[in-house]
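The file work-v5.txt contains compact mmCIF, N, CA and C atoms:
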```txt
# COMPACT_ATOMS: atom_id res chain seq x y z
N MET A 1 0.85 -1.18 0.00
CA MET A 1 0.00 0.00 0.00
C MET A 1 0.89 1.24 0.00
N SER A 2 0.67 2.13 -0.96
CA SER A 2 1.51 3.31 -1.06
C SER A 2 0.99 4.42 -0.16
N GLU A 3 1.91 5.32 0.18
CA GLU A 3 1.52 6.48 0.97
C GLU A 3 0.73 7.44 0.09
N ARG A 4 -0.18 8.18 0.71
CA ARG A 4 -0.94 9.17 -0.03
C ARG A 4 -0.48 10.55 0.39
N VAL A 5 -0.45 11.45 -0.55
CA VAL A 5 -0.06 12.82 -0.27
C VAL A 5 -1.28 13.54 0.28
N PRO A 6 -1.14 14.19 1.45
CA PRO A 6 -2.31 14.88 2.02
C PRO A 6 -2.69 16.10 1.19
N ILE A 7 -4.00 16.33 1.11
CA ILE A 7 -4.54 17.50 0.41
C ILE A 7 -5.44 18.23 1.40
N LEU A 8 -5.03 19.43 1.79
CA LEU A 8 -5.78 20.21 2.77
C LEU A 8 -6.52 21.34 2.07
N ARG A 9 -7.66 21.72 2.63
CA ARG A 9 -8.45 22.81 2.05
C ARG A 9 -8.28 24.06 2.91
N ILE A 10 -7.95 25.17 2.25
CA ILE A 10 -7.86 26.48 2.88
C ILE A 10 -8.77 27.40 2.07
N GLY A 11 -10.00 27.58 2.53
CA GLY A 11 -10.95 28.37 1.75
C GLY A 11 -11.20 27.71 0.41
N ASP A 12 -10.94 28.46 -0.68
CA ASP A 12 -11.15 27.90 -2.02
C ASP A 12 -9.83 27.45 -2.65
N VAL A 13 -8.84 27.17 -1.80
CA VAL A 13 -7.54 26.70 -2.26
C VAL A 13 -7.25 25.34 -1.63
N LEU A 14 -6.65 24.46 -2.42
CA LEU A 14 -6.20 23.17 -1.90
C LEU A 14 -4.69 23.21 -1.75
N LEU A 15 -4.21 22.76 -0.61
CA LEU A 15 -2.78 22.72 -0.33
C LEU A 15 -2.30 21.28 -0.39
N VAL A 16 -1.33 21.04 -1.26
CA VAL A 16 -0.72 19.73 -1.42
C VAL A 16 0.70 19.83 -0.91
N SER A 17 0.99 19.12 0.17
CA SER A 17 2.33 19.18 0.76
C SER A 17 3.03 17.85 0.51
N ILE A 18 4.00 17.87 -0.40
CA ILE A 18 4.68 16.64 -0.78
C ILE A 18 5.86 16.41 0.16
N GLN A 19 5.72 15.39 0.99
CA GLN A 19 6.75 15.06 1.98
C GLN A 19 7.25 13.63 1.84
N VAL A 20 6.84 12.96 0.77
CA VAL A 20 7.22 11.56 0.55
C VAL A 20 7.90 11.44 -0.81
N ASP A 21 8.63 10.34 -1.00
CA ASP A 21 9.23 10.08 -2.29
C ASP A 21 8.13 9.89 -3.33
N LEU A 22 8.33 10.48 -4.48
CA LEU A 22 7.31 10.44 -5.51
C LEU A 22 7.52 9.26 -6.45
N GLU A 23 7.00 8.13 -6.03
CA GLU A 23 7.02 6.95 -6.88
C GLU A 23 5.80 7.00 -7.79
N ASP A 24 5.81 6.18 -8.82
CA ASP A 24 4.72 6.19 -9.80
C ASP A 24 3.35 6.06 -9.16
N THR A 25 3.19 5.12 -8.24
CA THR A 25 1.87 4.91 -7.64
C THR A 25 1.44 6.11 -6.80
N VAL A 26 2.39 6.75 -6.12
CA VAL A 26 2.06 7.93 -5.32
C VAL A 26 1.58 9.06 -6.23
N VAL A 27 2.25 9.25 -7.35
CA VAL A 27 1.86 10.31 -8.28
C VAL A 27 0.50 10.03 -8.89
N LEU A 28 0.25 8.80 -9.28
CA LEU A 28 -1.05 8.46 -9.86
C LEU A 28 -2.17 8.68 -8.84
N ASP A 29 -1.92 8.27 -7.59
CA ASP A 29 -2.91 8.50 -6.53
C ASP A 29 -3.13 9.99 -6.31
N LEU A 30 -2.04 10.77 -6.31
CA LEU A 30 -2.15 12.22 -6.11
C LEU A 30 -2.98 12.85 -7.22
N GLN A 31 -2.72 12.49 -8.46
CA GLN A 31 -3.47 13.06 -9.57
C GLN A 31 -4.96 12.76 -9.44
N GLU A 32 -5.28 11.53 -9.09
CA GLU A 32 -6.68 11.15 -8.94
C GLU A 32 -7.32 11.85 -7.74
N ASP A 33 -6.62 11.84 -6.60
CA ASP A 33 -7.15 12.47 -5.39
C ASP A 33 -7.35 13.97 -5.59
N LEU A 34 -6.37 14.63 -6.20
CA LEU A 34 -6.45 16.07 -6.38
C LEU A 34 -7.56 16.45 -7.35
N SER A 35 -7.67 15.74 -8.46
CA SER A 35 -8.74 16.07 -9.40
C SER A 35 -10.11 15.88 -8.77
N THR A 36 -10.27 14.83 -7.98
CA THR A 36 -11.54 14.61 -7.28
C THR A 36 -11.83 15.73 -6.30
N ARG A 37 -10.81 16.13 -5.53
CA ARG A 37 -11.00 17.20 -4.53
C ARG A 37 -11.31 18.54 -5.19
N ILE A 38 -10.69 18.84 -6.33
CA ILE A 38 -10.98 20.10 -7.03
C ILE A 38 -12.44 20.12 -7.43
N VAL A 39 -12.92 19.04 -8.00
CA VAL A 39 -14.32 18.97 -8.43
C VAL A 39 -15.26 19.01 -7.23
N ASP A 40 -14.96 18.23 -6.20
CA ASP A 40 -15.85 18.15 -5.04
C ASP A 40 -15.95 19.46 -4.26
N THR A 41 -14.83 20.20 -4.19
CA THR A 41 -14.81 21.43 -3.39
C THR A 41 -15.01 22.69 -4.21
N GLY A 42 -14.89 22.61 -5.52
CA GLY A 42 -14.95 23.81 -6.35
C GLY A 42 -13.75 24.71 -6.15
N ALA A 43 -12.62 24.12 -5.77
CA ALA A 43 -11.40 24.90 -5.50
C ALA A 43 -11.01 25.71 -6.73
N ARG A 44 -10.56 26.95 -6.48
CA ARG A 44 -10.12 27.84 -7.55
C ARG A 44 -8.60 27.90 -7.65
N GLY A 45 -7.92 27.32 -6.64
CA GLY A 45 -6.47 27.34 -6.64
C GLY A 45 -5.89 26.10 -5.99
N VAL A 46 -4.67 25.77 -6.41
CA VAL A 46 -3.93 24.65 -5.83
C VAL A 46 -2.51 25.14 -5.55
N VAL A 47 -2.06 24.93 -4.32
CA VAL A 47 -0.68 25.23 -3.96
C VAL A 47 0.01 23.90 -3.69
N ILE A 48 1.10 23.67 -4.40
CA ILE A 48 1.88 22.45 -4.21
C ILE A 48 3.18 22.84 -3.51
N ASP A 49 3.32 22.38 -2.28
CA ASP A 49 4.51 22.68 -1.48
C ASP A 49 5.51 21.55 -1.65
N ILE A 50 6.66 21.89 -2.29
CA ILE A 50 7.68 20.87 -2.52
C ILE A 50 8.92 21.11 -1.64
N SER A 51 8.74 21.85 -0.56
CA SER A 51 9.87 22.14 0.33
C SER A 51 10.45 20.87 0.94
N GLY A 52 9.68 19.80 0.97
CA GLY A 52 10.16 18.54 1.52
C GLY A 52 10.99 17.71 0.55
N LEU A 53 11.06 18.16 -0.71
CA LEU A 53 11.83 17.41 -1.71
C LEU A 53 13.27 17.89 -1.72
N GLU A 54 14.17 16.95 -1.51
CA GLU A 54 15.60 17.28 -1.52
C GLU A 54 16.15 17.26 -2.94
N ILE A 55 15.65 16.33 -3.74
CA ILE A 55 16.13 16.20 -5.12
C ILE A 55 14.94 16.03 -6.05
N VAL A 56 15.16 16.37 -7.30
CA VAL A 56 14.14 16.15 -8.30
C VAL A 56 14.78 15.53 -9.53
N ASP A 57 13.96 14.94 -10.34
CA ASP A 57 14.42 14.42 -11.61
C ASP A 57 13.38 14.79 -12.65
N SER A 58 13.56 14.31 -13.86
CA SER A 58 12.63 14.67 -14.93
C SER A 58 11.22 14.17 -14.63
N PHE A 59 11.11 13.05 -13.93
CA PHE A 59 9.80 12.51 -13.56
C PHE A 59 9.03 13.50 -12.69
N VAL A 60 9.69 14.07 -11.69
CA VAL A 60 9.05 15.04 -10.79
C VAL A 60 8.66 16.28 -11.58
N GLY A 61 9.54 16.75 -12.44
CA GLY A 61 9.22 17.92 -13.25
C GLY A 61 8.00 17.70 -14.13
N ARG A 62 7.94 16.55 -14.77
CA ARG A 62 6.77 16.23 -15.61
C ARG A 62 5.51 16.11 -14.77
N MET A 63 5.64 15.54 -13.56
CA MET A 63 4.49 15.39 -12.67
C MET A 63 3.93 16.75 -12.30
N LEU A 64 4.79 17.70 -11.97
CA LEU A 64 4.32 19.05 -11.60
C LEU A 64 3.59 19.70 -12.78
N ALA A 65 4.15 19.58 -13.97
CA ALA A 65 3.51 20.16 -15.15
C ALA A 65 2.17 19.48 -15.44
N THR A 66 2.11 18.17 -15.28
CA THR A 66 0.86 17.43 -15.53
C THR A 66 -0.21 17.81 -14.53
N VAL A 67 0.15 17.89 -13.26
CA VAL A 67 -0.82 18.26 -12.22
C VAL A 67 -1.34 19.67 -12.47
N ALA A 68 -0.45 20.60 -12.85
CA ALA A 68 -0.89 21.97 -13.13
C ALA A 68 -1.85 22.01 -14.32
N ALA A 69 -1.55 21.27 -15.37
CA ALA A 69 -2.43 21.24 -16.54
C ALA A 69 -3.78 20.63 -16.20
N MET A 70 -3.77 19.54 -15.44
CA MET A 70 -5.01 18.88 -15.03
C MET A 70 -5.86 19.83 -14.18
N SER A 71 -5.22 20.52 -13.24
CA SER A 71 -5.94 21.45 -12.38
C SER A 71 -6.55 22.59 -13.18
N LYS A 72 -5.80 23.10 -14.13
CA LYS A 72 -6.29 24.22 -14.95
C LYS A 72 -7.53 23.81 -15.75
N ILE A 73 -7.50 22.61 -16.29
CA ILE A 73 -8.66 22.11 -17.04
C ILE A 73 -9.90 22.06 -16.14
N LEU A 74 -9.67 21.77 -14.85
CA LEU A 74 -10.78 21.69 -13.89
C LEU A 74 -11.10 23.04 -13.25
N GLY A 75 -10.43 24.11 -13.71
CA GLY A 75 -10.77 25.46 -13.25
C GLY A 75 -9.96 25.98 -12.07
N ALA A 76 -8.84 25.34 -11.75
CA ALA A 76 -8.03 25.77 -10.62
C ALA A 76 -6.62 26.14 -11.10
N GLN A 77 -6.13 27.29 -10.67
CA GLN A 77 -4.76 27.70 -10.98
C GLN A 77 -3.80 27.03 -10.00
N THR A 78 -2.60 26.74 -10.46
CA THR A 78 -1.62 26.05 -9.62
C THR A 78 -0.39 26.92 -9.40
N VAL A 79 0.09 26.90 -8.15
CA VAL A 79 1.34 27.57 -7.79
C VAL A 79 2.18 26.55 -7.03
N VAL A 80 3.44 26.41 -7.43
CA VAL A 80 4.38 25.54 -6.73
C VAL A 80 5.21 26.42 -5.80
N VAL A 81 5.28 26.03 -4.53
CA VAL A 81 6.03 26.82 -3.54
C VAL A 81 7.07 25.95 -2.85
N GLY A 82 8.03 26.63 -2.22
CA GLY A 82 9.02 25.94 -1.41
C GLY A 82 10.13 25.27 -2.19
N MET A 83 10.38 25.73 -3.41
CA MET A 83 11.42 25.11 -4.21
C MET A 83 12.80 25.53 -3.67
N ARG A 84 13.60 24.55 -3.36
CA ARG A 84 14.96 24.82 -2.87
C ARG A 84 15.83 25.24 -4.05
N PRO A 85 16.86 26.04 -3.79
CA PRO A 85 17.76 26.45 -4.88
C PRO A 85 18.34 25.27 -5.66
N ALA A 86 18.73 24.22 -4.96
CA ALA A 86 19.30 23.05 -5.64
C ALA A 86 18.28 22.39 -6.57
N VAL A 87 17.02 22.42 -6.17
CA VAL A 87 15.96 21.85 -7.01
C VAL A 87 15.78 22.69 -8.26
N ALA A 88 15.76 24.00 -8.10
CA ALA A 88 15.62 24.90 -9.25
C ALA A 88 16.79 24.71 -10.22
N ILE A 89 17.99 24.62 -9.68
CA ILE A 89 19.18 24.43 -10.52
C ILE A 89 19.07 23.12 -11.29
N THR A 90 18.65 22.07 -10.60
CA THR A 90 18.52 20.75 -11.25
C THR A 90 17.49 20.79 -12.37
N LEU A 91 16.35 21.42 -12.13
CA LEU A 91 15.33 21.51 -13.18
C LEU A 91 15.87 22.23 -14.41
N VAL A 92 16.60 23.32 -14.20
CA VAL A 92 17.18 24.07 -15.32
C VAL A 92 18.23 23.22 -16.03
N GLU A 93 19.09 22.55 -15.28
CA GLU A 93 20.13 21.72 -15.88
C GLU A 93 19.54 20.56 -16.68
N LEU A 94 18.39 20.05 -16.23
CA LEU A 94 17.72 18.97 -16.97
C LEU A 94 16.98 19.49 -18.20
N GLY A 95 16.92 20.82 -18.32
CA GLY A 95 16.21 21.42 -19.45
C GLY A 95 14.71 21.31 -19.34
N LEU A 96 14.22 21.19 -18.10
CA LEU A 96 12.78 21.03 -17.91
C LEU A 96 12.10 22.38 -17.82
N SER A 97 11.13 22.56 -18.67
CA SER A 97 10.31 23.75 -18.62
C SER A 97 9.01 23.37 -17.93
N LEU A 98 8.71 24.06 -16.86
CA LEU A 98 7.46 23.78 -16.15
C LEU A 98 6.37 24.68 -16.71
N GLY A 99 6.08 24.48 -17.99
CA GLY A 99 5.09 25.30 -18.65
C GLY A 99 3.76 25.30 -17.93
N GLY A 100 3.23 26.48 -17.69
CA GLY A 100 1.95 26.61 -17.02
C GLY A 100 2.02 26.52 -15.51
N VAL A 101 3.22 26.28 -14.98
CA VAL A 101 3.38 26.17 -13.54
C VAL A 101 3.94 27.47 -13.00
N ARG A 102 3.18 28.14 -12.15
CA ARG A 102 3.65 29.35 -11.51
C ARG A 102 4.36 28.95 -10.24
N THR A 103 5.31 29.77 -9.83
CA THR A 103 6.07 29.47 -8.62
C THR A 103 6.08 30.67 -7.68
N ALA A 104 6.30 30.38 -6.42
CA ALA A 104 6.47 31.40 -5.39
C ALA A 104 7.42 30.82 -4.36
N LEU A 105 8.05 31.72 -3.59
CA LEU A 105 9.05 31.25 -2.64
C LEU A 105 8.47 30.43 -1.50
N ASN A 106 7.29 30.82 -1.01
CA ASN A 106 6.72 30.13 0.15
C ASN A 106 5.20 30.12 0.06
N LEU A 107 4.57 29.50 1.04
CA LEU A 107 3.12 29.35 1.04
C LEU A 107 2.41 30.70 1.03
N GLU A 108 2.86 31.62 1.86
CA GLU A 108 2.23 32.94 1.92
C GLU A 108 2.28 33.64 0.57
N ALA A 109 3.43 33.60 -0.09
CA ALA A 109 3.56 34.23 -1.40
C ALA A 109 2.71 33.50 -2.45
N GLY A 110 2.62 32.18 -2.34
CA GLY A 110 1.79 31.42 -3.28
C GLY A 110 0.32 31.76 -3.14
N LEU A 111 -0.16 31.88 -1.90
CA LEU A 111 -1.55 32.28 -1.68
C LEU A 111 -1.81 33.68 -2.19
N ALA A 112 -0.82 34.57 -2.05
CA ALA A 112 -0.97 35.94 -2.54
C ALA A 112 -1.09 35.95 -4.07
N VAL A 113 -0.34 35.10 -4.75
CA VAL A 113 -0.43 35.00 -6.21
C VAL A 113 -1.84 34.58 -6.62
N LEU A 114 -2.38 33.58 -5.94
CA LEU A 114 -3.73 33.11 -6.26
C LEU A 114 -4.78 34.18 -5.96
N ARG A 115 -4.60 34.94 -4.86
CA ARG A 115 -5.54 36.03 -4.54
C ARG A 115 -5.51 37.11 -5.61
N ARG A 116 -4.31 37.47 -6.06
CA ARG A 116 -4.19 38.49 -7.12
C ARG A 116 -4.87 38.02 -8.39
N ASP A 117 -4.66 36.76 -8.74
CA ASP A 117 -5.31 36.21 -9.94
C ASP A 117 -6.83 36.25 -9.81
N ALA A 118 -7.34 35.88 -8.64
CA ALA A 118 -8.79 35.87 -8.41
C ALA A 118 -9.34 37.29 -8.48
N ASN A 119 -8.63 38.24 -7.88
CA ASN A 119 -9.08 39.64 -7.91
C ASN A 119 -9.05 40.20 -9.33
N ALA A 120 -8.04 39.87 -10.09
CA ALA A 120 -7.94 40.33 -11.48
C ALA A 120 -9.07 39.75 -12.33
N ALA A 121 -9.44 38.51 -12.06
CA ALA A 121 -10.52 37.87 -12.81
C ALA A 121 -11.88 38.50 -12.48
N GLN A 122 -12.04 38.95 -11.23
CA GLN A 122 -13.30 39.56 -10.83
C GLN A 122 -13.42 41.00 -11.26
N ASP A 123 -12.29 41.67 -11.45
CA ASP A 123 -12.28 43.10 -11.76
C ASP A 123 -11.49 43.36 -13.04
N PRO A 124 -12.04 42.98 -14.18
CA PRO A 124 -11.31 43.15 -15.45
C PRO A 124 -11.37 44.60 -15.94
N ALA A 125 -10.71 45.48 -15.22
CA ALA A 125 -10.74 46.91 -15.55
C ALA A 125 -9.78 47.26 -16.63
```
Go ahead and render the structure in this file as C-alpha cells.
Amino acid sequence: MSERVPILRIGDVLLVSIQVDLEDTVVLDLQEDLSTRIVDTGARGVVIDISGLEIVDSFVGRMLATVAAMSKILGAQTVVVGMRPAVAITLVELGLSLGGVRTALNLEAGLAVLRRDANAAQDPA
C-alpha cells in the first residue's frame, strides 16, 4: 500500500504538501485524489509545497507540469512553492520547462499569487 499525499483545504484553495518520495503509484494516486478534490470542493487554486523534496528528476518535473495542466482544465490555478535552490538548478540543468506552472518562494507568497489572480478575474478593468 503506497503512501498518499495529504490535500488540505484552505478556503477555495487546496494545499498539497509533498513530503514523501514520488514513486509512480504515489503520483497516480495524487493526480486522482487532487482532481476529485478540485471537483468536489470547487477549488479555484492549488498550492503544491515541494519544500520537503531534496532532489528532483525529470519525472518530478513532468508530474508538476501534468498536475498543473489537469488542475487548470478543472478550473483551478496552480502555484508551486518551497522550491529549494538546488531543485531549481537541477530543473534548469535537466532542461525542464514547467510550462503553465507558476512558482512562489513560500506558502504565503503562493496564496498571494492566487488572490491576485482571483481579484484580477473579478475586476477586469
Going by DSSP on the backbone, which residues of chain A come out as strand (DSSP E)? List them as a ChimeraX atom specification. /A:7-10,13-17,45-49,77-81,102-104
Please list, as a VMD selection string, the residues that have an atom at most 8 Å away from (-4.2, 31.4, -0.5) in the coordinates of this file, counting only C-alpha atoms. chain A and resid 10 to 13 45 47 107 to 108 110 to 115
Exercise: stretch 84-91 of chain A partners within 6.5 Å, only N, CA and C atoms, chain neighbours under 3 positions left out, as a PyMOL selection string: chain A and resi 50-51+54-56+94-97
Would you pick out the contacts of A:Asn106 at 5 Å or less, using only N, CA and C atoms, so that residues sharing its chain but fewer than 3 positions from it are not included, and give the list as a JSON list (two decimals) with N, CA and C atoms, in the coordinates of the input?
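What follows is the written file result23.json:
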```json
[["chain", "number", "residue", "atom", "x", "y", "z"],
["A", 81, "VAL", "N", 5.28, 26.03, -4.53],
["A", 81, "VAL", "CA", 6.03, 26.82, -3.54],
["A", 81, "VAL", "C", 7.07, 25.95, -2.85],
["A", 82, "GLY", "N", 8.03, 26.63, -2.22],
["A", 82, "GLY", "CA", 9.02, 25.94, -1.41],
["A", 82, "GLY", "C", 10.13, 25.27, -2.19],
["A", 109, "ALA", "N", 3.43, 33.60, -0.09],
["A", 109, "ALA", "CA", 3.56, 34.23, -1.40],
["A", 109, "ALA", "C", 2.71, 33.50, -2.45],
["A", 110, "GLY", "N", 2.62, 32.18, -2.34],
["A", 110, "GLY", "CA", 1.79, 31.42, -3.28],
["A", 110, "GLY", "C", 0.32, 31.76, -3.14]]
```
As an mmCIF file with N, CA and C atoms, in the coordinates of the input, please: the residues near A:Ile38 (cut-off 9 Å, only C-alpha atoms, same-chain neighbours under 4 positions excluded).
```cif
data_model
loop_
_atom_site.group_PDB
_atom_site.id
_atom_site.type_symbol
_atom_site.label_atom_id
_atom_site.label_comp_id
_atom_site.auth_asym_id
_atom_site.auth_seq_id
_atom_site.Cartn_x
_atom_site.Cartn_y
_atom_site.Cartn_z
ATOM 1 N N VAL A 13 -8.840 27.170 -1.800
ATOM 2 C CA VAL A 13 -7.540 26.700 -2.260
ATOM 3 C C VAL A 13 -7.250 25.340 -1.630
ATOM 4 N N LEU A 14 -6.650 24.460 -2.420
ATOM 5 C CA LEU A 14 -6.200 23.170 -1.900
ATOM 6 C C LEU A 14 -4.690 23.210 -1.750
ATOM 7 N N ASP A 33 -6.620 11.840 -6.600
ATOM 8 C CA ASP A 33 -7.150 12.470 -5.390
ATOM 9 C C ASP A 33 -7.350 13.970 -5.590
ATOM 10 N N LEU A 34 -6.370 14.630 -6.200
ATOM 11 C CA LEU A 34 -6.450 16.070 -6.380
ATOM 12 C C LEU A 34 -7.560 16.450 -7.350
ATOM 13 N N GLY A 42 -14.890 22.610 -5.520
ATOM 14 C CA GLY A 42 -14.950 23.810 -6.350
ATOM 15 C C GLY A 42 -13.750 24.710 -6.150
ATOM 16 N N ALA A 43 -12.620 24.120 -5.770
ATOM 17 C CA ALA A 43 -11.400 24.900 -5.500
ATOM 18 C C ALA A 43 -11.010 25.710 -6.730
ATOM 19 N N ARG A 44 -10.560 26.950 -6.480
ATOM 20 C CA ARG A 44 -10.120 27.840 -7.550
ATOM 21 C C ARG A 44 -8.600 27.900 -7.650
ATOM 22 N N GLY A 45 -7.920 27.320 -6.640
ATOM 23 C CA GLY A 45 -6.470 27.340 -6.640
ATOM 24 C C GLY A 45 -5.890 26.100 -5.990
ATOM 25 N N VAL A 46 -4.670 25.770 -6.410
ATOM 26 C CA VAL A 46 -3.930 24.650 -5.830
ATOM 27 C C VAL A 46 -2.510 25.140 -5.550
ATOM 28 N N SER A 71 -5.220 20.520 -13.240
ATOM 29 C CA SER A 71 -5.940 21.450 -12.380
ATOM 30 C C SER A 71 -6.550 22.590 -13.180
ATOM 31 N N LEU A 74 -9.670 21.770 -14.850
ATOM 32 C CA LEU A 74 -10.780 21.690 -13.890
ATOM 33 C C LEU A 74 -11.100 23.040 -13.250
ATOM 34 N N GLY A 75 -10.430 24.110 -13.710
ATOM 35 C CA GLY A 75 -10.770 25.460 -13.250
ATOM 36 C C GLY A 75 -9.960 25.980 -12.070
ATOM 37 N N ALA A 76 -8.840 25.340 -11.750
ATOM 38 C CA ALA A 76 -8.030 25.770 -10.620
ATOM 39 C C ALA A 76 -6.620 26.140 -11.100
#
```
Can you work out which one of A:Glu3, A:Asp40, A:Asp49, A:Glu93 has the shortest atom-to-atom distance to A:Val26, counting only C-alpha atoms? A:Glu3
DSSP alpha helix (DSSP H) selection over chain A, as a ChimeraX atom specification: /A:24-41,58-73,85-93,107-122
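Atom pair atom N of A:Gly61 / atom CA of A:Ala118: separated by 26.8 Å.
Across A:Val16, A:Ala65, A:Val101, A:Ile73, the tightest approach to A:Val39 is made by A:Ile73 when counting only C-alpha atoms.
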Padded axis-aligned box of stretch 108-122 of chain A (3 Å per side), centre and edge lengths, Å, one decimal, as lines of an AutoDock Vina configuration file:
```
center_x = -4.9
center_y = 36.2
center_z = -5.4
size_x = 23.0
size_y = 15.6
size_z = 20.7
```
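For the residues A:Val60, A:Ile7, A:Val67, A:Leu53, ranking by smallest atom-to-atom distance to A:Arg37 using only C-alpha atoms places A:Ile7 first.
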Find the residues near A:Asp24: any atom within 12 Å, counting only C-alpha atoms, skip ones fewer than 4 places away on the same chain, and give them as a PyMOL selection string. chain A and resi 2-4+20+28-31+59-60+62-63
Written selection (N, CA and C atoms) as a PDB file, in the coordinates of the input:
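What landed in selection11.pdb:
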```
ATOM      1  N   SER A   2       0.670   2.130  -0.960  1.00  0.00           N
ATOM      2  CA  SER A   2       1.510   3.310  -1.060  1.00  0.00           C
ATOM      3  C   SER A   2       0.990   4.420  -0.160  1.00  0.00           C
ATOM      4  N   GLU A   3       1.910   5.320   0.180  1.00  0.00           N
ATOM      5  CA  GLU A   3       1.520   6.480   0.970  1.00  0.00           C
ATOM      6  C   GLU A   3       0.730   7.440   0.090  1.00  0.00           C
ATOM      7  N   ARG A   4      -0.180   8.180   0.710  1.00  0.00           N
ATOM      8  CA  ARG A   4      -0.940   9.170  -0.030  1.00  0.00           C
ATOM      9  C   ARG A   4      -0.480  10.550   0.390  1.00  0.00           C
ATOM     10  N   VAL A  20       6.840  12.960   0.770  1.00  0.00           N
ATOM     11  CA  VAL A  20       7.220  11.560   0.550  1.00  0.00           C
ATOM     12  C   VAL A  20       7.900  11.440  -0.810  1.00  0.00           C
ATOM     13  N   LEU A  28       0.250   8.800  -9.280  1.00  0.00           N
ATOM     14  CA  LEU A  28      -1.050   8.460  -9.860  1.00  0.00           C
ATOM     15  C   LEU A  28      -2.170   8.680  -8.840  1.00  0.00           C
ATOM     16  N   ASP A  29      -1.920   8.270  -7.590  1.00  0.00           N
ATOM     17  CA  ASP A  29      -2.910   8.500  -6.530  1.00  0.00           C
ATOM     18  C   ASP A  29      -3.130   9.990  -6.310  1.00  0.00           C
ATOM     19  N   LEU A  30      -2.040  10.770  -6.310  1.00  0.00           N
ATOM     20  CA  LEU A  30      -2.150  12.220  -6.110  1.00  0.00           C
ATOM     21  C   LEU A  30      -2.980  12.850  -7.220  1.00  0.00           C
ATOM     22  N   GLN A  31      -2.720  12.490  -8.460  1.00  0.00           N
ATOM     23  CA  GLN A  31      -3.470  13.060  -9.570  1.00  0.00           C
ATOM     24  C   GLN A  31      -4.960  12.760  -9.440  1.00  0.00           C
ATOM     25  N   PHE A  59      11.110  13.050 -13.930  1.00  0.00           N
ATOM     26  CA  PHE A  59       9.800  12.510 -13.560  1.00  0.00           C
ATOM     27  C   PHE A  59       9.030  13.500 -12.690  1.00  0.00           C
ATOM     28  N   VAL A  60       9.690  14.070 -11.690  1.00  0.00           N
ATOM     29  CA  VAL A  60       9.050  15.040 -10.790  1.00  0.00           C
ATOM     30  C   VAL A  60       8.660  16.280 -11.580  1.00  0.00           C
ATOM     31  N   ARG A  62       7.940  16.550 -14.770  1.00  0.00           N
ATOM     32  CA  ARG A  62       6.770  16.230 -15.610  1.00  0.00           C
ATOM     33  C   ARG A  62       5.510  16.110 -14.770  1.00  0.00           C
ATOM     34  N   MET A  63       5.640  15.540 -13.560  1.00  0.00           N
ATOM     35  CA  MET A  63       4.490  15.390 -12.670  1.00  0.00           C
ATOM     36  C   MET A  63       3.930  16.750 -12.300  1.00  0.00           C
TER      37      MET A  63
END
```
A:Ala68: which residues within 8 Å, counting only C-alpha atoms, same-chain residues fewer than 2 positions away excluded, as a ChimeraX atom specification? /A:64-66,70-72,77-78,100-101
Could you tell me how far atom CA of A:Ser35 sits from atom CA of A:Leu15, in Å to one decimal place? 12.7 Å
